[in-house]
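One file, structure_16.pdb, carrying PDB, C-alpha atoms, pLDDT in the B column:
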```
ATOM      1  CA  MET A  45    -131.601   8.191-174.924  1.00 55.00           C
ATOM      2  CA  SER A  46    -131.406  11.477-173.000  1.00 65.00           C
ATOM      3  CA  LYS A  47    -134.085  12.303-170.479  1.00 70.00           C
ATOM      4  CA  GLN A  48    -135.158  15.907-170.111  1.00 73.00           C
ATOM      5  CA  GLU A  49    -137.895  17.454-168.049  1.00 76.00           C
ATOM      6  CA  ILE A  50    -140.065  20.336-169.167  1.00 76.00           C
ATOM      7  CA  ASN A  51    -142.420  22.146-166.790  1.00 76.00           C
ATOM      8  CA  ILE A  52    -145.283  23.967-168.425  1.00 76.00           C
ATOM      9  CA  ARG A  53    -147.938  25.955-166.557  1.00 77.00           C
ATOM     10  CA  THR A  54    -151.197  26.116-168.460  1.00 78.00           C
ATOM     11  CA  HIS A  55    -154.915  26.614-167.924  1.00 80.00           C
ATOM     12  CA  THR A  56    -157.694  24.202-168.811  1.00 82.00           C
ATOM     13  CA  ASP A  57    -160.442  25.235-171.180  1.00 85.00           C
ATOM     14  CA  ALA A  58    -164.073  25.264-170.057  1.00 86.00           C
ATOM     15  CA  ASP A  59    -164.426  21.655-171.233  1.00 88.00           C
ATOM     16  CA  GLY A  60    -161.220  20.509-169.486  1.00 84.00           C
ATOM     17  CA  THR A  61    -159.040  20.490-172.603  1.00 86.00           C
ATOM     18  CA  VAL A  62    -155.341  21.226-172.146  1.00 83.00           C
ATOM     19  CA  ASN A  63    -153.125  22.260-175.045  1.00 79.00           C
ATOM     20  CA  LEU A  64    -149.421  21.534-174.684  1.00 77.00           C
ATOM     21  CA  ASP A  65    -147.048  23.513-176.843  1.00 76.00           C
ATOM     22  CA  LEU A  66    -143.608  21.912-176.811  1.00 72.00           C
ATOM     23  CA  PRO A  67    -140.625  24.219-177.164  1.00 70.00           C
ATOM     24  CA  LEU A  68    -138.858  24.585-180.510  1.00 66.00           C
ATOM     25  CA  GLY A  69    -136.224  22.025-181.330  1.00 75.00           C
ATOM     26  CA  ILE A  70    -138.391  18.986-180.679  1.00 74.00           C
ATOM     27  CA  VAL A  71    -139.523  18.370-184.220  1.00 76.00           C
ATOM     28  CA  ASP A  72    -139.830  15.200-186.263  1.00 80.00           C
ATOM     29  CA  GLN A  73    -138.767  13.021-183.309  1.00 78.00           C
ATOM     30  CA  ASP A  74    -140.272  10.116-181.421  1.00 79.00           C
ATOM     31  CA  ILE A  75    -140.722  11.056-177.767  1.00 78.00           C
ATOM     32  CA  ASP A  76    -142.064   9.357-174.677  1.00 79.00           C
ATOM     33  CA  LEU A  77    -144.342  11.824-172.956  1.00 77.00           C
ATOM     34  CA  THR A  78    -145.381  11.521-169.320  1.00 79.00           C
ATOM     35  CA  VAL A  79    -147.970  13.942-167.995  1.00 78.00           C
ATOM     36  CA  SER A  80    -148.535  14.600-164.333  1.00 79.00           C
ATOM     37  CA  TYR A  81    -150.406  17.529-162.897  1.00 77.00           C
ATOM     38  CA  SER A  82    -150.975  19.344-159.646  1.00 77.00           C
ATOM     39  CA  THR A  83    -153.229  22.213-158.760  1.00 75.00           C
ATOM     40  CA  PRO A  84    -151.732  25.162-156.909  1.00 70.00           C
ATOM     41  CA  ALA A  85    -152.405  25.018-153.181  1.00 67.00           C
ATOM     42  CA  LYS A  86    -154.896  27.541-151.891  1.00 67.00           C
ATOM     43  CA  ASN A  87    -153.486  30.113-149.530  1.00 64.00           C
ATOM     44  CA  ASN A  88    -155.156  29.143-146.257  1.00 66.00           C
ATOM     45  CA  GLN A  89    -152.556  31.098-144.314  1.00 71.00           C
ATOM     46  CA  THR A  90    -154.575  34.291-144.703  1.00 78.00           C
ATOM     47  CA  ASP A  91    -157.676  32.599-143.297  1.00 78.00           C
ATOM     48  CA  GLN A  92    -155.663  31.311-140.339  1.00 82.00           C
ATOM     49  CA  GLU A  93    -154.155  34.751-139.707  1.00 85.00           C
ATOM     50  CA  LEU A  94    -157.610  36.357-139.752  1.00 84.00           C
ATOM     51  CA  ALA A  95    -158.940  33.754-137.318  1.00 84.00           C
ATOM     52  CA  GLU A  96    -156.049  34.493-134.944  1.00 87.00           C
ATOM     53  CA  ILE A  97    -156.628  38.252-135.155  1.00 87.00           C
ATOM     54  CA  ILE A  98    -160.328  37.821-134.423  1.00 86.00           C
ATOM     55  CA  ALA A  99    -159.586  35.511-131.507  1.00 86.00           C
ATOM     56  CA  GLN A 100    -157.188  38.070-129.990  1.00 87.00           C
ATOM     57  CA  ALA A 101    -159.394  41.116-130.661  1.00 86.00           C
ATOM     58  CA  LYS A 102    -160.683  43.109-127.723  1.00 81.00           C
ATOM     59  CA  PRO A 103    -164.427  43.040-127.149  1.00 81.00           C
ATOM     60  CA  ALA A 104    -166.389  46.055-128.349  1.00 81.00           C
ATOM     61  CA  SER A 105    -166.223  49.005-125.979  1.00 81.00           C
ATOM     62  CA  ASP A 106    -169.335  50.139-124.169  1.00 81.00           C
ATOM     63  CA  LEU A 107    -169.501  53.858-124.876  1.00 79.00           C
ATOM     64  CA  SER A 108    -172.817  54.410-123.121  1.00 79.00           C
ATOM     65  CA  GLU A 109    -170.958  55.660-120.033  1.00 77.00           C
ATOM     66  CA  TYR A 110    -169.928  58.748-122.024  1.00 76.00           C
ATOM     67  CA  CYS A 111    -173.465  59.573-123.159  1.00 77.00           C
ATOM     68  CA  GLY A 112    -174.258  63.153-122.171  1.00 75.00           C
ATOM     69  CA  ALA A 113    -170.833  63.708-120.626  1.00 71.00           C
ATOM     70  CA  ILE A 114    -169.837  66.399-123.110  1.00 75.00           C
ATOM     71  CA  GLU A 115    -171.159  69.877-122.400  1.00 79.00           C
ATOM     72  CA  LEU A 116    -171.139  72.232-125.351  1.00 82.00           C
ATOM     73  CA  PRO A 117    -170.991  76.021-125.001  1.00 88.00           C
ATOM     74  CA  VAL A 118    -173.509  76.429-127.850  1.00 88.00           C
ATOM     75  CA  GLU A 119    -176.568  74.365-128.752  1.00 87.00           C
ATOM     76  CA  PRO A 120    -175.644  72.044-131.680  1.00 86.00           C
ATOM     77  CA  LEU A 121    -178.489  73.328-133.891  1.00 89.00           C
ATOM     78  CA  GLU A 122    -177.463  76.971-133.341  1.00 87.00           C
ATOM     79  CA  PHE A 123    -173.840  76.084-134.115  1.00 87.00           C
ATOM     80  CA  GLN A 124    -174.863  74.308-137.318  1.00 88.00           C
ATOM     81  CA  GLN A 125    -176.934  77.263-138.475  1.00 86.00           C
ATOM     82  CA  SER A 126    -174.108  79.719-137.772  1.00 85.00           C
ATOM     83  CA  ILE A 127    -171.709  77.575-139.804  1.00 85.00           C
ATOM     84  CA  ARG A 128    -174.167  77.454-142.698  1.00 84.00           C
ATOM     85  CA  ASN A 129    -174.549  81.223-142.578  1.00 74.00           C
ATOM     86  CA  GLU A 130    -170.782  81.556-143.117  1.00 67.00           C
ATOM     87  CA  TRP A 131    -171.091  79.702-146.447  1.00 64.00           C
ATOM     88  CA  GLN A 132    -173.420  82.290-147.924  1.00 60.00           C
TER
END
```
As a first step, turn the structure in this file into structure tokens.
Amino acid sequence: MSKQEINIRTHTDADGTVNLDLPLGIVDQDIDLTVSYSTPAKNNQTDQELAEIIAQAKPASDLSEYCGAIELPVEPLEFQQSIRNEWQ
């Protein structure tokens, strides 16, 4: 008796049915079949990496100190209207 191992990746149907298609060459023979299964591990590494990035992130900057600090040579509305006039 020779023992061989075959690994088959498959997907269950909606009702949990699994169809196993054995490779060619195993025909008209008595076989002992052992079935074990495992589900692929979820990739929690990405979640851990995101948690680390968030933990190390800098707090949001307070930009209110820059409010009104920029002085423009032209009023914004006048500038916008002059730009629009160039499109015509």
Residues matched by the PyMOL selection byres ((chain A and resi 49-60) around 12), written as an MDAnalysis selection string: chainID A and resid 46:48 61:67 70 75:84
Written selection (C-alpha atoms) as a CSV table (one decimal), in the coordinates of the input:
```
chain,number,residue,atom,x,y,z
A,46,SER,CA,-131.4,11.5,-173.0
A,47,LYS,CA,-134.1,12.3,-170.5
A,48,GLN,CA,-135.2,15.9,-170.1
A,61,THR,CA,-159.0,20.5,-172.6
A,62,VAL,CA,-155.3,21.2,-172.1
A,63,ASN,CA,-153.1,22.3,-175.0
A,64,LEU,CA,-149.4,21.5,-174.7
A,65,ASP,CA,-147.0,23.5,-176.8
A,66,LEU,CA,-143.6,21.9,-176.8
A,67,PRO,CA,-140.6,24.2,-177.2
A,70,ILE,CA,-138.4,19.0,-180.7
A,75,ILE,CA,-140.7,11.1,-177.8
A,76,ASP,CA,-142.1,9.4,-174.7
A,77,LEU,CA,-144.3,11.8,-173.0
A,78,THR,CA,-145.4,11.5,-169.3
A,79,VAL,CA,-148.0,13.9,-168.0
A,80,SER,CA,-148.5,14.6,-164.3
A,81,TYR,CA,-150.4,17.5,-162.9
A,82,SER,CA,-151.0,19.3,-159.6
A,83,THR,CA,-153.2,22.2,-158.8
A,84,PRO,CA,-151.7,25.2,-156.9
```
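Across the model, the gap from atom CA of A:Cys111 to atom CA of A:Ala99 is 29.0 Å.
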Atom CA of A:Ala104 to atom CA of A:Asp91, straight-line distance in Å: 21.9 Å
Centre and edge lengths, as AutoDock Vina command-line options, for the axis-aligned box enclosing every listed atom of stretch 55-72 of chain A with 8 Å of padding on each of the six sides, in Å to one decimal?
```
--center_x -150.3 --center_y 20.9 --center_z -177.1 --size_x 44.2 --size_y 27.4 --size_z 34.3
```
